[in-house]
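J.: Structure incoming, see below.
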Amino acid sequence: MATLCSGCSNTYFDTIQVYLRDDAAATKFLKLHGVLPNDVQCPNCKLPCTYRASKHSWYCGRWKKIAKTKRSKQCPYTRSDYKGTFLEGTHLKPSQVISFVNHWLHKQWNHHTVIKILNFAPTTSVDWRSFCAEVTERWLENQEPIGGEGIEVEIDETLFIKRGRFTKQLWVFGGIERLTKKCFLVPLLNKDRSARTLVPIIKKFIKPGSVVYSDSWRAYKQLCDQGYSHFVINHKDHFVDPNNPKVHTQNIERLWLDLKQWSKRPGIRQKFYKQYLARYIFLHTYEEEKVLHHFFVEAARVYPPSGVPATSSTSSPEQSTSSTQASTSSA
Ligand SMILES: [Zn+2]
Ligand SMILES: [Zn+2]
């Protein structure tokens with residue numbers, strides 16, 4: 001088994017320079033991150049296949065004696081390097097895929113730039129945008145809990161309003177660690193902000209023993225009974241408690257501001273909000289030079305070349321997916 005990359009740094013411009021035209025380098029990068037297979041076994045001979053770089057394929061080609069005729073026959077097994085992977089079914093070259101993802105992960109994402117610079121057909125760009133969104137959405141469904149014994153966490157809910165001919169609204173609940181800025185965000189697709197919805201989300205995403213700061217929304221009343229230290233700032237009176245300057249929710253408010261800047265951009269339809277949130281949180285979670293690495297690690301997890309998703313340390317993606325959906329969907 002080949003050793004996979006444990007963490008590399010690439011700026012937006014590094015990536016353009018190295019991978020824009022160089023398919024050998026791009027293929028190597030994808031294999032190093034487990035997106036494309038590093039070895040393939042022939043299902044007939046149960047022995048390793050040979051890689052043909054020029055054709056992006058694997059073949060067996062072993063000579064086998066056929067007992068009846070005493071003649072030899074070559075094993076015909078061959079398989080595309082892309083089969084079952086993030087690149088399955090595409091006619092794009094590895095260099096184009098990396099360049100597209102690099103651009104998609106960049107804050108100044110622009111559909112027209114991609115079509116022009118990367119020479120993509122408009123429909124291909126639309127398709128690849130949703131393939132990329134699928135990866136970050138799956139990542140979002142596997143968000144790790146934050147907080148822990150004595151760790152300070154701020155929580156809040158906010159309403160996104162998109163005005164237009166039909167005004168659209170989306171409630172989002174989230175939490176952020178004060179020190180590390182690690183966060184989680186959950187769209188409340190059923191618009192329910194009651195304790196019945198929020199408390200299970202809090203218990204799922206905030207470890208017990210955390211010190212939780214929130215506003216005085218009534219759904220948070222019972223947090224003390226759930227194993228958290230809970231402090232409340234009443235925003236009707238103050239933004240920071242005059243008696244205890246630690247009691248505020250300014251980190252999460254800043255996160256909302258930042259998030260709303262992004263959501264003001266035109267063309268974001270409500271059905272894409274979750275995709276949009278997922279991409280945003282993904283970019284917010286990792287340092288800029290690390291996003292490409294983490295994206296492809298996740299792409300390899302979601303579309304494993306072996307066809308079997310790697311077991312994560314906590315639970316299988318399917319399990320986490322269904323539990324997230326149970327707590328957030330049912331609109
Ligand atoms: Zn890497
Ligand atoms: Zn074979």
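Scheme for the structure tokens: letters A, B, ... for chains in order shown; per-chain residue numbers from 1; ligand numbers from 1 in order shown.
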Name the residues, by chain letter and number, that sit within 6 Å of ligand 2 using only C-alpha atoms and all ligand atoms, and give them as a list in words.

T.: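 These are the residues that qualify: Cys42, Asn44, Cys45, Cys60, Arg62, Cys75 and Tyr77 of chain A.
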
J.: Residues within 6 Å of ligand 1, counting only C-alpha atoms and all ligand atoms: report them as a CSV table (one decimal) with C-alpha atoms, in the first residue's frame.

T.:
```csv
chain,number,residue,atom,x,y,z
A,5,CYS,CA,0.2,12.6,1.7
A,6,SER,CA,-0.2,13.6,5.3
A,7,GLY,CA,-0.4,17.3,4.6
A,8,CYS,CA,1.0,19.6,1.9
A,293,HIS,CA,-4.9,19.0,0.4
```

J.: May I have the residues within 12 Å of Lys28 in chain A as a list in words, using only C-alpha atoms and disregarding those fewer than 4 positions away in the same chain?

T.: Ala2, Leu4, Cys5, Val18, Tyr19, Asp22, Asp23, Ala24, Leu32, His33, Gly34, Val35, Leu36, Pro37, Asn38, Ala53, His56, Pro94, Ser95 and Ile98 of chain A

J.: Looking at A:Phe173, A:Phe86, A:Trp128, A:Phe100, which one is nearest to Arg301 in chain A, with distances taken over only C-alpha atoms?

T.: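 With only C-alpha atoms as the atom set, the closest residue is A:Phe86.
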
J.: Calculated over only C-alpha atoms, which of the candidates A:Gln41, A:Ser194, A:Asn251, A:Asn234 has the smallest distance to Ser306 in chain A?

T.: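 Closest candidate: A:Gln41.
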
J.: Please report, as a ChimeraX atom specification, each residue of range 59-292 of chain A to which DSSP assigns alpha helix (DSSP H) when run on this structure's backbone.

T.: /A:94-104,111-117,122-141,195-205,250-263,273-285,291-292

J.: Apply DSSP to the backbone of this structure and, from range 157-194 of chain A, keep only the residues in strand (DSSP E or B); write these as number ranges by chain.

T.: A: 157-162, 168-177, 183-188

J.: For Thr78 in chain A, find every residue with an atom within 8 Å (counting only C-alpha atoms), except residues of its own chain fewer than 3 positions away, and show them as number ranges by chain.

T.: A: 57-60
